[in-house]
>>> print(open('model_33.pdb').read())   # PDB, C-alpha atoms
ATOM      1  CA  MET A   7      32.552  45.724 112.486  1.00  0.00           C
ATOM      2  CA  SER A   8      34.497  47.855 110.071  1.00  0.00           C
ATOM      3  CA  SER A   9      32.689  50.939 111.269  1.00  0.00           C
ATOM      4  CA  LEU A  10      33.717  50.155 114.834  1.00  0.00           C
ATOM      5  CA  LYS A  11      37.375  49.722 113.788  1.00  0.00           C
ATOM      6  CA  LYS A  12      37.249  52.940 111.875  1.00  0.00           C
ATOM      7  CA  ASN A  13      35.875  54.877 114.826  1.00  0.00           C
ATOM      8  CA  LEU A  14      38.438  53.299 117.152  1.00  0.00           C
ATOM      9  CA  PHE A  15      41.290  54.239 114.787  1.00  0.00           C
ATOM     10  CA  LEU A  16      40.100  57.824 114.525  1.00  0.00           C
ATOM     11  CA  SER A  17      39.829  58.096 118.299  1.00  0.00           C
ATOM     12  CA  VAL A  18      43.360  56.761 118.879  1.00  0.00           C
ATOM     13  CA  PHE A  19      44.756  58.999 116.093  1.00  0.00           C
ATOM     14  CA  GLY A  20      43.023  62.084 117.488  1.00  0.00           C
ATOM     15  CA  ALA A  21      44.299  61.387 120.989  1.00  0.00           C
ATOM     16  CA  ALA A  22      47.866  60.964 119.676  1.00  0.00           C
ATOM     17  CA  MET A  23      47.691  64.221 117.739  1.00  0.00           C
ATOM     18  CA  SER A  24      46.388  66.093 120.775  1.00  0.00           C
ATOM     19  CA  ALA A  25      49.209  64.689 122.920  1.00  0.00           C
ATOM     20  CA  SER A  26      51.795  65.687 120.280  1.00  0.00           C
ATOM     21  CA  VAL A  27      50.449  69.245 120.091  1.00  0.00           C
ATOM     22  CA  ALA A  28      50.454  69.539 123.881  1.00  0.00           C
ATOM     23  CA  PHE A  29      54.022  68.172 124.063  1.00  0.00           C
ATOM     24  CA  ALA A  30      55.208  70.567 121.357  1.00  0.00           C
ATOM     25  CA  ALA A  31      53.610  73.485 123.183  1.00  0.00           C
ATOM     26  CA  ASP A  32      55.636  72.645 126.284  1.00  0.00           C
ATOM     27  CA  LEU A  33      58.995  72.702 124.401  1.00  0.00           C
ATOM     28  CA  PRO A  34      61.202  75.871 124.808  1.00  0.00           C
ATOM     29  CA  GLU A  35      61.307  78.222 121.877  1.00  0.00           C
ATOM     30  CA  PRO A  36      64.507  78.005 119.755  1.00  0.00           C
ATOM     31  CA  PRO A  37      66.952  80.883 120.285  1.00  0.00           C
ATOM     32  CA  ILE A  38      66.871  83.733 117.772  1.00  0.00           C
ATOM     33  CA  ILE A  39      70.318  84.292 116.230  1.00  0.00           C
ATOM     34  CA  GLU A  40      70.901  87.814 115.005  1.00  0.00           C
ATOM     35  CA  TYR A  41      73.752  88.578 112.602  1.00  0.00           C
ATOM     36  CA  GLU A  42      75.338  92.006 112.708  1.00  0.00           C
ATOM     37  CA  PRO A  43      77.391  93.139 109.705  1.00  0.00           C
ATOM     38  CA  GLU A  44      81.113  93.525 110.431  1.00  0.00           C
ATOM     39  CA  ALA A  45      82.418  97.069 110.645  1.00  0.00           C
ATOM     40  CA  PRO A  46      84.366  98.010 107.501  1.00  0.00           C
ATOM     41  CA  ILE A  47      88.142  98.080 107.838  1.00  0.00           C
ATOM     42  CA  ALA A  48      89.384 101.673 107.991  1.00  0.00           C
ATOM     43  CA  ILE A  49      91.770 101.738 105.051  1.00  0.00           C
ATOM     44  CA  GLY A  50      94.447 104.377 105.590  1.00  0.00           C
ATOM     45  CA  SER A  51      93.593 105.048 109.229  1.00  0.00           C
ATOM     46  CA  GLY A  52      96.632 106.540 110.964  1.00  0.00           C
ATOM     47  CA  TRP A  53      98.763 106.859 107.822  1.00  0.00           C
ATOM     48  CA  TYR A  54      99.965 110.034 106.123  1.00  0.00           C
ATOM     49  CA  LEU A  55     101.981 111.139 103.116  1.00  0.00           C
ATOM     50  CA  ARG A  56     104.441 114.017 103.044  1.00  0.00           C
ATOM     51  CA  GLY A  57     106.453 116.102 100.601  1.00  0.00           C
ATOM     52  CA  ASP A  58     109.125 118.681 101.513  1.00  0.00           C
ATOM     53  CA  MET A  59     111.425 121.273  99.936  1.00  0.00           C
ATOM     54  CA  GLY A  60     114.048 123.420 101.601  1.00  0.00           C
ATOM     55  CA  LEU A  61     117.430 125.104 101.782  1.00  0.00           C
ATOM     56  CA  SER A  62     120.674 123.731 103.217  1.00  0.00           C
ATOM     57  CA  ALA A  63     123.525 125.714 104.774  1.00  0.00           C
ATOM     58  CA  TYR A  64     126.542 123.385 104.985  1.00  0.00           C
ATOM     59  CA  THR A  65     129.363 123.260 107.515  1.00  0.00           C
ATOM     60  CA  GLY A  66     132.370 121.005 108.087  1.00  0.00           C
ATOM     61  CA  GLY A  67     133.829 118.967 105.269  1.00  0.00           C
ATOM     62  CA  LYS A  68     137.386 118.868 106.576  1.00  0.00           C
ATOM     63  CA  GLY A  69     139.416 117.709 103.586  1.00  0.00           C
ATOM     64  CA  SER A  70     142.770 115.955 103.337  1.00  0.00           C
ATOM     65  CA  TRP A  71     144.863 113.894 100.969  1.00  0.00           C
ATOM     66  CA  VAL A  72     147.743 111.467 101.534  1.00  0.00           C
ATOM     67  CA  ASN A  73     150.107 111.542  98.548  1.00  0.00           C
ATOM     68  CA  ALA A  74     152.217 108.682  97.209  1.00  0.00           C
ATOM     69  CA  TYR A  75     155.066 109.631  99.603  1.00  0.00           C
ATOM     70  CA  GLY A  76     152.833 109.223 102.648  1.00  0.00           C
ATOM     71  CA  THR A  77     152.598 112.960 103.292  1.00  0.00           C
ATOM     72  CA  LYS A  78     149.179 114.031 104.555  1.00  0.00           C
ATOM     73  CA  VAL A  79     148.049 117.274 102.984  1.00  0.00           C
ATOM     74  CA  LYS A  80     145.340 118.970 105.071  1.00  0.00           C
ATOM     75  CA  PHE A  81     143.005 121.425 103.390  1.00  0.00           C
ATOM     76  CA  HIS A  82     142.220 124.693 105.153  1.00  0.00           C
ATOM     77  CA  ASP A  83     139.841 127.631 104.766  1.00  0.00           C
ATOM     78  CA  GLY A  84     137.202 125.245 103.481  1.00  0.00           C
ATOM     79  CA  ASP A  85     133.772 126.552 102.529  1.00  0.00           C
ATOM     80  CA  ILE A  86     130.674 124.869 101.074  1.00  0.00           C
ATOM     81  CA  GLU A  87     128.031 126.713  99.085  1.00  0.00           C
ATOM     82  CA  ASN A  88     124.370 126.569 100.111  1.00  0.00           C
ATOM     83  CA  GLY A  89     122.038 124.201  98.279  1.00  0.00           C
ATOM     84  CA  TRP A  90     118.467 122.975  98.068  1.00  0.00           C
ATOM     85  CA  LEU A  91     116.728 119.713  98.870  1.00  0.00           C
ATOM     86  CA  ALA A  92     113.487 117.923  98.014  1.00  0.00           C
ATOM     87  CA  GLY A  93     111.953 114.783  99.446  1.00  0.00           C
ATOM     88  CA  VAL A  94     108.918 112.560  99.968  1.00  0.00           C
ATOM     89  CA  GLY A  95     107.839 110.204 102.725  1.00  0.00           C
ATOM     90  CA  VAL A  96     105.148 108.048 104.318  1.00  0.00           C
ATOM     91  CA  GLY A  97     104.303 108.078 108.024  1.00  0.00           C
ATOM     92  CA  TYR A  98     101.982 106.729 110.728  1.00  0.00           C
ATOM     93  CA  TYR A  99     100.308 108.257 113.805  1.00  0.00           C
ATOM     94  CA  PHE A 100     100.616 105.898 116.802  1.00  0.00           C
ATOM     95  CA  ASP A 101      98.556 108.197 119.027  1.00  0.00           C
ATOM     96  CA  GLU A 102      97.863 111.905 119.449  1.00  0.00           C
ATOM     97  CA  HIS A 103     101.506 112.622 120.365  1.00  0.00           C
ATOM     98  CA  PHE A 104     103.761 109.994 118.763  1.00  0.00           C
ATOM     99  CA  ARG A 105     104.289 109.448 115.038  1.00  0.00           C
ATOM    100  CA  ALA A 106     107.033 108.209 112.712  1.00  0.00           C
ATOM    101  CA  ASP A 107     107.855 108.379 109.027  1.00  0.00           C
ATOM    102  CA  LEU A 108     110.269 107.074 106.425  1.00  0.00           C
ATOM    103  CA  THR A 109     111.659 109.798 104.141  1.00  0.00           C
ATOM    104  CA  ALA A 110     113.842 109.879 101.030  1.00  0.00           C
ATOM    105  CA  ASP A 111     115.550 113.173 100.116  1.00  0.00           C
ATOM    106  CA  TYR A 112     117.747 114.446  97.316  1.00  0.00           C
ATOM    107  CA  HIS A 113     120.333 117.087  98.303  1.00  0.00           C
ATOM    108  CA  SER A 114     121.443 119.202  95.363  1.00  0.00           C
ATOM    109  CA  LYS A 115     125.003 119.505  94.099  1.00  0.00           C
ATOM    110  CA  VAL A 116     127.035 122.163  95.933  1.00  0.00           C
ATOM    111  CA  LYS A 117     130.630 123.355  95.491  1.00  0.00           C
ATOM    112  CA  TYR A 118     133.332 122.897  98.125  1.00  0.00           C
ATOM    113  CA  LYS A 119     136.341 125.256  98.011  1.00  0.00           C
ATOM    114  CA  ALA A 120     139.521 125.058 100.080  1.00  0.00           C
ATOM    115  CA  LYS A 121     143.257 125.743 100.121  1.00  0.00           C
ATOM    116  CA  ALA A 122     146.050 123.197 100.448  1.00  0.00           C
ATOM    117  CA  PRO A 123     149.826 123.497 101.052  1.00  0.00           C
ATOM    118  CA  CYS A 124     151.529 123.588  97.672  1.00  0.00           C
ATOM    119  CA  LEU A 125     153.458 120.358  96.990  1.00  0.00           C
ATOM    120  CA  ASP A 126     154.949 118.943  93.795  1.00  0.00           C
ATOM    121  CA  PRO A 127     154.017 119.368  91.014  1.00  0.00           C
ATOM    122  CA  CYS A 128     152.713 122.678  92.288  1.00  0.00           C
ATOM    123  CA  ASN A 129     154.272 125.990  91.256  1.00  0.00           C
ATOM    124  CA  HIS A 130     156.455 126.786  94.290  1.00  0.00           C
ATOM    125  CA  ALA A 131     155.887 130.465  93.732  1.00  0.00           C
ATOM    126  CA  LEU A 132     152.465 129.816  95.226  1.00  0.00           C
ATOM    127  CA  ASP A 133     151.924 129.355  98.961  1.00  0.00           C
ATOM    128  CA  ASP A 134     148.744 127.336  98.515  1.00  0.00           C
ATOM    129  CA  SER A 135     146.880 125.496  95.822  1.00  0.00           C
ATOM    130  CA  SER A 136     143.162 125.930  95.308  1.00  0.00           C
ATOM    131  CA  GLU A 137     141.047 122.788  95.637  1.00  0.00           C
ATOM    132  CA  THR A 138     137.422 122.511  94.536  1.00  0.00           C
ATOM    133  CA  THR A 139     134.938 119.651  94.336  1.00  0.00           C
ATOM    134  CA  ASP A 140     131.172 119.179  94.171  1.00  0.00           C
ATOM    135  CA  PHE A 141     129.072 117.313  96.724  1.00  0.00           C
ATOM    136  CA  SER A 142     125.587 115.859  96.254  1.00  0.00           C
ATOM    137  CA  ALA A 143     123.683 113.329  98.350  1.00  0.00           C
ATOM    138  CA  TRP A 144     120.704 111.030  98.742  1.00  0.00           C
ATOM    139  CA  THR A 145     119.384 110.197 102.215  1.00  0.00           C
ATOM    140  CA  LEU A 146     116.956 107.543 103.482  1.00  0.00           C
ATOM    141  CA  MET A 147     115.867 108.306 107.064  1.00  0.00           C
ATOM    142  CA  LEU A 148     113.572 106.718 109.663  1.00  0.00           C
ATOM    143  CA  ASN A 149     112.275 109.560 111.847  1.00  0.00           C
ATOM    144  CA  GLY A 150     110.333 109.725 115.111  1.00  0.00           C
ATOM    145  CA  TYR A 151     108.375 112.742 116.398  1.00  0.00           C
ATOM    146  CA  TYR A 152     106.636 113.954 119.532  1.00  0.00           C
ATOM    147  CA  ASP A 153     103.741 116.309 118.792  1.00  0.00           C
ATOM    148  CA  LEU A 154     103.164 118.762 121.637  1.00  0.00           C
ATOM    149  CA  THR A 155      99.761 120.104 122.627  1.00  0.00           C
ATOM    150  CA  THR A 156      97.813 121.731 119.814  1.00  0.00           C
ATOM    151  CA  TRP A 157      97.075 125.445 120.198  1.00  0.00           C
ATOM    152  CA  GLY A 158      94.279 126.369 117.851  1.00  0.00           C
ATOM    153  CA  ALA A 159      95.443 125.100 114.464  1.00  0.00           C
ATOM    154  CA  ILE A 160      99.163 124.936 115.347  1.00  0.00           C
ATOM    155  CA  THR A 161     100.969 121.837 116.672  1.00  0.00           C
ATOM    156  CA  PRO A 162     104.683 122.262 117.508  1.00  0.00           C
ATOM    157  CA  TYR A 163     106.873 119.162 117.605  1.00  0.00           C
ATOM    158  CA  VAL A 164     110.399 117.826 118.094  1.00  0.00           C
ATOM    159  CA  GLY A 165     111.974 114.842 116.384  1.00  0.00           C
ATOM    160  CA  ALA A 166     115.065 112.830 115.540  1.00  0.00           C
ATOM    161  CA  GLY A 167     116.032 110.341 112.874  1.00  0.00           C
ATOM    162  CA  ALA A 168     118.679 107.900 111.694  1.00  0.00           C
ATOM    163  CA  GLY A 169     119.428 106.220 108.401  1.00  0.00           C
ATOM    164  CA  LEU A 170     121.770 106.183 105.415  1.00  0.00           C
ATOM    165  CA  ALA A 171     123.381 108.898 103.297  1.00  0.00           C
ATOM    166  CA  TYR A 172     124.970 108.321  99.907  1.00  0.00           C
ATOM    167  CA  VAL A 173     127.370 111.243  99.356  1.00  0.00           C
ATOM    168  CA  ARG A 174     129.011 111.749  95.965  1.00  0.00           C
ATOM    169  CA  ALA A 175     132.155 113.798  95.320  1.00  0.00           C
ATOM    170  CA  SER A 176     132.649 114.872  91.701  1.00  0.00           C
ATOM    171  CA  ASP A 177     134.353 117.364  89.376  1.00  0.00           C
ATOM    172  CA  TYR A 178     137.491 117.763  91.506  1.00  0.00           C
ATOM    173  CA  THR A 179     139.953 120.407  90.320  1.00  0.00           C
ATOM    174  CA  SER A 180     143.221 121.694  91.764  1.00  0.00           C
ATOM    175  CA  THR A 181     145.728 124.338  90.754  1.00  0.00           C
ATOM    176  CA  SER A 182     148.417 121.860  91.803  1.00  0.00           C
ATOM    177  CA  GLY A 183     147.723 119.949  88.618  1.00  0.00           C
ATOM    178  CA  TYR A 184     146.062 116.918  90.227  1.00  0.00           C
ATOM    179  CA  VAL A 185     142.606 115.909  88.946  1.00  0.00           C
ATOM    180  CA  PHE A 186     140.765 113.390  91.110  1.00  0.00           C
ATOM    181  CA  GLY A 187     138.081 111.082  89.769  1.00  0.00           C
ATOM    182  CA  ASP A 188     134.447 110.965  90.920  1.00  0.00           C
ATOM    183  CA  ASP A 189     133.320 108.594  93.653  1.00  0.00           C
ATOM    184  CA  GLY A 190     130.484 108.015  96.156  1.00  0.00           C
ATOM    185  CA  LYS A 191     130.349 106.770  99.727  1.00  0.00           C
ATOM    186  CA  THR A 192     127.460 105.395 101.840  1.00  0.00           C
ATOM    187  CA  ASN A 193     127.455 106.421 105.510  1.00  0.00           C
ATOM    188  CA  PHE A 194     125.378 106.276 108.656  1.00  0.00           C
ATOM    189  CA  ALA A 195     123.409 109.540 108.906  1.00  0.00           C
ATOM    190  CA  TRP A 196     121.340 111.169 111.643  1.00  0.00           C
ATOM    191  CA  ASN A 197     119.286 114.292 112.238  1.00  0.00           C
ATOM    192  CA  LEU A 198     117.571 116.423 114.892  1.00  0.00           C
ATOM    193  CA  MET A 199     114.415 118.430 114.160  1.00  0.00           C
ATOM    194  CA  ALA A 200     112.045 121.034 115.582  1.00  0.00           C
ATOM    195  CA  GLY A 201     109.042 122.518 113.820  1.00  0.00           C
ATOM    196  CA  ALA A 202     105.311 123.140 113.752  1.00  0.00           C
ATOM    197  CA  ALA A 203     102.354 121.899 111.723  1.00  0.00           C
ATOM    198  CA  PHE A 204      99.539 124.242 110.691  1.00  0.00           C
ATOM    199  CA  ASP A 205      96.088 122.800 109.908  1.00  0.00           C
ATOM    200  CA  VAL A 206      95.034 123.818 106.404  1.00  0.00           C
ATOM    201  CA  SER A 207      92.018 121.467 106.417  1.00  0.00           C
ATOM    202  CA  ASP A 208      90.890 118.322 108.245  1.00  0.00           C
ATOM    203  CA  ASN A 209      93.384 116.193 106.308  1.00  0.00           C
ATOM    204  CA  LEU A 210      96.033 118.660 105.111  1.00  0.00           C
ATOM    205  CA  LYS A 211      98.806 120.223 107.209  1.00  0.00           C
ATOM    206  CA  LEU A 212     101.506 122.741 106.337  1.00  0.00           C
ATOM    207  CA  ASP A 213     104.775 121.635 107.989  1.00  0.00           C
ATOM    208  CA  ALA A 214     107.627 124.110 108.599  1.00  0.00           C
ATOM    209  CA  ASN A 215     110.751 122.900 110.390  1.00  0.00           C
ATOM    210  CA  TYR A 216     114.464 123.196 111.082  1.00  0.00           C
ATOM    211  CA  ARG A 217     116.642 120.080 110.722  1.00  0.00           C
ATOM    212  CA  PHE A 218     120.287 119.571 111.667  1.00  0.00           C
ATOM    213  CA  MET A 219     121.654 116.859 109.376  1.00  0.00           C
ATOM    214  CA  SER A 220     124.836 114.786 109.656  1.00  0.00           C
ATOM    215  CA  PHE A 221     125.918 113.179 106.370  1.00  0.00           C
ATOM    216  CA  GLY A 222     129.130 111.533 107.586  1.00  0.00           C
ATOM    217  CA  LYS A 223     132.038 111.350 105.133  1.00  0.00           C
ATOM    218  CA  ALA A 224     132.796 111.695 101.434  1.00  0.00           C
ATOM    219  CA  GLN A 225     135.745 110.893  99.192  1.00  0.00           C
ATOM    220  CA  SER A 226     136.862 111.293  95.607  1.00  0.00           C
ATOM    221  CA  ASP A 227     138.407 108.622  93.456  1.00  0.00           C
ATOM    222  CA  VAL A 228     142.186 108.428  92.983  1.00  0.00           C
ATOM    223  CA  PRO A 229     143.886 111.054  90.769  1.00  0.00           C
ATOM    224  CA  THR A 230     143.313 110.338  87.095  1.00  0.00           C
ATOM    225  CA  SER A 231     146.987 111.072  86.383  1.00  0.00           C
ATOM    226  CA  ASN A 232     148.286 108.433  88.807  1.00  0.00           C
ATOM    227  CA  SER A 233     146.113 105.537  89.983  1.00  0.00           C
ATOM    228  CA  THR A 234     148.658 104.638  92.703  1.00  0.00           C
ATOM    229  CA  GLU A 235     147.852 107.854  94.580  1.00  0.00           C
ATOM    230  CA  ASN A 236     145.219 108.067  97.323  1.00  0.00           C
ATOM    231  CA  PRO A 237     141.785 109.717  97.040  1.00  0.00           C
ATOM    232  CA  ALA A 238     140.908 113.013  98.689  1.00  0.00           C
ATOM    233  CA  LYS A 239     138.753 112.501 101.792  1.00  0.00           C
ATOM    234  CA  TYR A 240     136.276 114.755 103.584  1.00  0.00           C
ATOM    235  CA  GLU A 241     134.950 114.354 107.116  1.00  0.00           C
ATOM    236  CA  ASP A 242     132.172 115.755 109.299  1.00  0.00           C
ATOM    237  CA  LEU A 243     129.739 116.946 106.641  1.00  0.00           C
ATOM    238  CA  TYR A 244     126.801 118.745 108.308  1.00  0.00           C
ATOM    239  CA  ALA A 245     123.928 120.939 107.162  1.00  0.00           C
ATOM    240  CA  HIS A 246     121.461 123.339 108.773  1.00  0.00           C
ATOM    241  CA  GLN A 247     118.256 122.778 106.811  1.00  0.00           C
ATOM    242  CA  PHE A 248     115.093 124.878 106.699  1.00  0.00           C
ATOM    243  CA  ARG A 249     112.176 122.985 105.159  1.00  0.00           C
ATOM    244  CA  VAL A 250     108.555 123.623 104.254  1.00  0.00           C
ATOM    245  CA  GLY A 251     106.212 120.863 103.168  1.00  0.00           C
ATOM    246  CA  LEU A 252     102.732 119.353 103.210  1.00  0.00           C
ATOM    247  CA  ARG A 253     101.394 116.376 105.155  1.00  0.00           C
ATOM    248  CA  TYR A 254      98.225 114.676 103.945  1.00  0.00           C
ATOM    249  CA  ASP A 255      96.423 112.421 106.453  1.00  0.00           C
ATOM    250  CA  LEU A 256      94.792 109.349 104.911  1.00  0.00           C
ATOM    251  CA  ASN A 257      92.121 109.030 107.635  1.00  0.00           C
TER
END
>>> encode(input="model_33.pdb", output="structure tokens")
Amino acid sequence: MSSLKKNLFLSVFGAAMSASVAFAADLPEPPIIEYEPEAPIAIGSGWYLRGDMGLSAYTGGKGSWVNAYGTKVKFHDGDIENGWLAGVGVGYYFDEHFRADLTADYHSKVKYKAKAPCLDPCNHALDDSSETTDFSAWTLMLNGYYDLTTWGAITPYVGAGAGLAYVRASDYTSTSGYVFGDDGKTNFAWNLMAGAAFDVSDNLKLDANYRFMSFGKAQSDVPTSNSTENPAKYEDLYAHQFRVGLRYDLN
């Protein structure tokens, strides 16, 4: 009897296993999931660094002074010496034509010389007094450029920018006897540019350009001999700048 039960159990078990294997064979195969590694982020793609040096030929700087009596003394025959500049910046290429950068520049101290009508306490034997002061400036500019078609290794471009200029007037002297104190003024500034970039290597470019720069205004402090007097003021400070620099692409 036990042998019969054992054979019956083995038969039922074998039939169940065969049915399970057949059922499993009919099931669809599970999908194969493939994982692809993510592409590395291109650090520095589109960005560049720049450094520039150049010369500045200044124009403008119309000076005047309103004395304690309300008389406006206008300077004439004004002239500003040439100076130098140096700056750094960081920029970004939006596409093959458009780019922008943020630049900070130091503009060296230059001397301004002019004549003024001789008023008290001037020596009335003189027709004019001689006025001199020094100008220096810092500028922070946001610039945009359009790169034209590249010919060989040369890419000409045009650009414009706007930002801030801090202009300092210092070391004022006058043969009239007045000595004005030093002071600085922050103004809106703008520029227009044209130049060309020359490929030195895949990542390095030599940049030569002309920039017309507007610094705005400047003013001295009040005369050190009489704090109730007004400061000397200067308007329309401009410069023709010729710069050479390097641009390094971080691609």
>>> resolve_selection(input="model_33.pdb", expression="the PyMOL selection byres ((chain A and resi 60) around 6)", output="mmCIF file with C-alpha atoms, keeping the file's coordinate frame")
data_model
loop_
_atom_site.group_PDB
_atom_site.id
_atom_site.type_symbol
_atom_site.label_atom_id
_atom_site.label_comp_id
_atom_site.auth_asym_id
_atom_site.auth_seq_id
_atom_site.Cartn_x
_atom_site.Cartn_y
_atom_site.Cartn_z
ATOM 1 C CA MET A 59 111.425 121.273 99.936
ATOM 2 C CA LEU A 61 117.430 125.104 101.782
ATOM 3 C CA TRP A 90 118.467 122.975 98.068
ATOM 4 C CA LEU A 91 116.728 119.713 98.870
ATOM 5 C CA PHE A 248 115.093 124.878 106.699
ATOM 6 C CA ARG A 249 112.176 122.985 105.159
#
>>> residues_around(input="model_33.pdb", residues="region 139-141 of chain A", least_positions_apart="2", cutoff="6 Å", atoms="all atoms listed in the file", output="number ranges by chain")
A: 115-118, 174-178
>>> write_last_selection(input="model_33.pdb", atoms="C-alpha atoms", output="tab-separated table (two decimals), keeping the file's coordinate frame")
chain	number	residue	atom	x	y	z
A	115	LYS	CA	125.00	119.50	94.10
A	116	VAL	CA	127.04	122.16	95.93
A	117	LYS	CA	130.63	123.36	95.49
A	118	TYR	CA	133.33	122.90	98.12
A	174	ARG	CA	129.01	111.75	95.96
A	175	ALA	CA	132.16	113.80	95.32
A	176	SER	CA	132.65	114.87	91.70
A	177	ASP	CA	134.35	117.36	89.38
A	178	TYR	CA	137.49	117.76	91.51
>>> resolve_selection(input="model_33.pdb", expression="the PyMOL selection byres ((chain A and resi 112) around 12)", output="MDAnalysis selection string")
chainID A and resid 57:62 89:94 109:111 113:115 141:147 171:174
>>> atom_distance(input="model_33.pdb", atom1="CA of Ala74 (chain A)", atom2="CA of Gly222 (chain A)")
25.5 Å
>>> closest_residue(input="model_33.pdb", among="A:Phe104, A:Tyr99, A:Phe218, A:Tyr54", to="Trp196 (chain A)", atoms="only C-alpha atoms")
A:Phe218
>>> resolve_selection(input="model_33.pdb", expression="the PyMOL selection byres ((chain A and resi 150) around 9)", output="MDAnalysis selection string")
chainID A and resid 104:107 148:149 151:152 164:167
>>> atom_distance(input="model_33.pdb", atom1="CA of Gly201 (chain A)", atom2="CA of Ser51 (chain A)")
23.8 Å
>>> closest_residue(input="model_33.pdb", among="A:Val96, A:Leu154, A:Val79, A:Ala238", to="Ala200 (chain A)", atoms="only C-alpha atoms")
A:Leu154
>>> residues_near_point(input="model_33.pdb", point="(151.6, 107.4, 99.1)", cutoff="8 Å", atoms="only C-alpha atoms", output="list in words")
Val72, Asn73, Ala74, Tyr75, Gly76, Thr77, Thr234, Glu235 and Asn236 of chain A
>>> closest_residue(input="model_33.pdb", among="A:Glu87, A:Asp188, A:Asp205, A:Glu102", to="Val228 (chain A)", atoms="only C-alpha atoms")
A:Asp188
>>> atom_distance(input="model_33.pdb", atom1="CA of Gly69 (chain A)", atom2="CA of Ser180 (chain A)")
13.0 Å
>>> closest_residue(input="model_33.pdb", among="A:Asp242, A:Asp227, A:Asp255, A:Asp153", to="Ala203 (chain A)", atoms="all atoms listed in the file")
A:Asp153
>>> build_atoms(input="model_33.pdb", residues="region 190-202 of chain A", atoms="N, CA, C and O atoms", output="mmCIF file, keeping the file's coordinate frame")
data_model
loop_
_atom_site.group_PDB
_atom_site.id
_atom_site.type_symbol
_atom_site.label_atom_id
_atom_site.label_comp_id
_atom_site.auth_asym_id
_atom_site.auth_seq_id
_atom_site.Cartn_x
_atom_site.Cartn_y
_atom_site.Cartn_z
ATOM 1 N N GLY A 190 131.551 107.861 95.163
ATOM 2 C CA GLY A 190 130.484 108.015 96.156
ATOM 3 C C GLY A 190 130.750 107.140 97.367
ATOM 4 O O GLY A 190 131.481 106.147 97.287
ATOM 5 N N LYS A 191 130.143 107.499 98.488
ATOM 6 C CA LYS A 191 130.349 106.770 99.727
ATOM 7 C C LYS A 191 129.032 106.730 100.495
ATOM 8 O O LYS A 191 128.337 107.743 100.611
ATOM 9 N N THR A 192 128.682 105.560 101.037
ATOM 10 C CA THR A 192 127.460 105.395 101.840
ATOM 11 C C THR A 192 127.821 105.405 103.315
ATOM 12 O O THR A 192 128.718 104.669 103.755
ATOM 13 N N ASN A 193 127.139 106.243 104.093
ATOM 14 C CA ASN A 193 127.455 106.421 105.510
ATOM 15 C C ASN A 193 126.198 106.293 106.366
ATOM 16 O O ASN A 193 125.065 106.429 105.895
ATOM 17 N N PHE A 194 126.434 106.101 107.667
ATOM 18 C CA PHE A 194 125.378 106.276 108.656
ATOM 19 C C PHE A 194 125.084 107.771 108.767
ATOM 20 O O PHE A 194 125.997 108.593 108.798
ATOM 21 N N ALA A 195 123.814 108.135 108.805
ATOM 22 C CA ALA A 195 123.409 109.540 108.906
ATOM 23 C C ALA A 195 122.402 109.693 110.033
ATOM 24 O O ALA A 195 121.697 108.737 110.393
ATOM 25 N N TRP A 196 122.320 110.900 110.588
ATOM 26 C CA TRP A 196 121.340 111.169 111.643
ATOM 27 C C TRP A 196 120.894 112.627 111.566
ATOM 28 O O TRP A 196 121.542 113.448 110.921
ATOM 29 N N ASN A 197 119.779 112.920 112.245
ATOM 30 C CA ASN A 197 119.286 114.292 112.238
ATOM 31 C C ASN A 197 118.529 114.608 113.525
ATOM 32 O O ASN A 197 118.075 113.698 114.234
ATOM 33 N N LEU A 198 118.391 115.896 113.811
ATOM 34 C CA LEU A 198 117.571 116.423 114.892
ATOM 35 C C LEU A 198 116.657 117.490 114.311
ATOM 36 O O LEU A 198 117.086 118.271 113.454
ATOM 37 N N MET A 199 115.398 117.535 114.779
ATOM 38 C CA MET A 199 114.415 118.430 114.160
ATOM 39 C C MET A 199 113.566 119.139 115.203
ATOM 40 O O MET A 199 113.353 118.637 116.307
ATOM 41 N N ALA A 200 113.051 120.305 114.815
ATOM 42 C CA ALA A 200 112.045 121.034 115.582
ATOM 43 C C ALA A 200 111.211 121.824 114.580
ATOM 44 O O ALA A 200 111.752 122.413 113.640
ATOM 45 N N GLY A 201 109.890 121.818 114.769
ATOM 46 C CA GLY A 201 109.042 122.518 113.820
ATOM 47 C C GLY A 201 107.622 122.635 114.321
ATOM 48 O O GLY A 201 107.324 122.397 115.494
ATOM 49 N N ALA A 202 106.726 122.985 113.420
ATOM 50 C CA ALA A 202 105.311 123.140 113.752
ATOM 51 C C ALA A 202 104.478 122.810 112.532
ATOM 52 O O ALA A 202 104.883 123.077 111.390
#
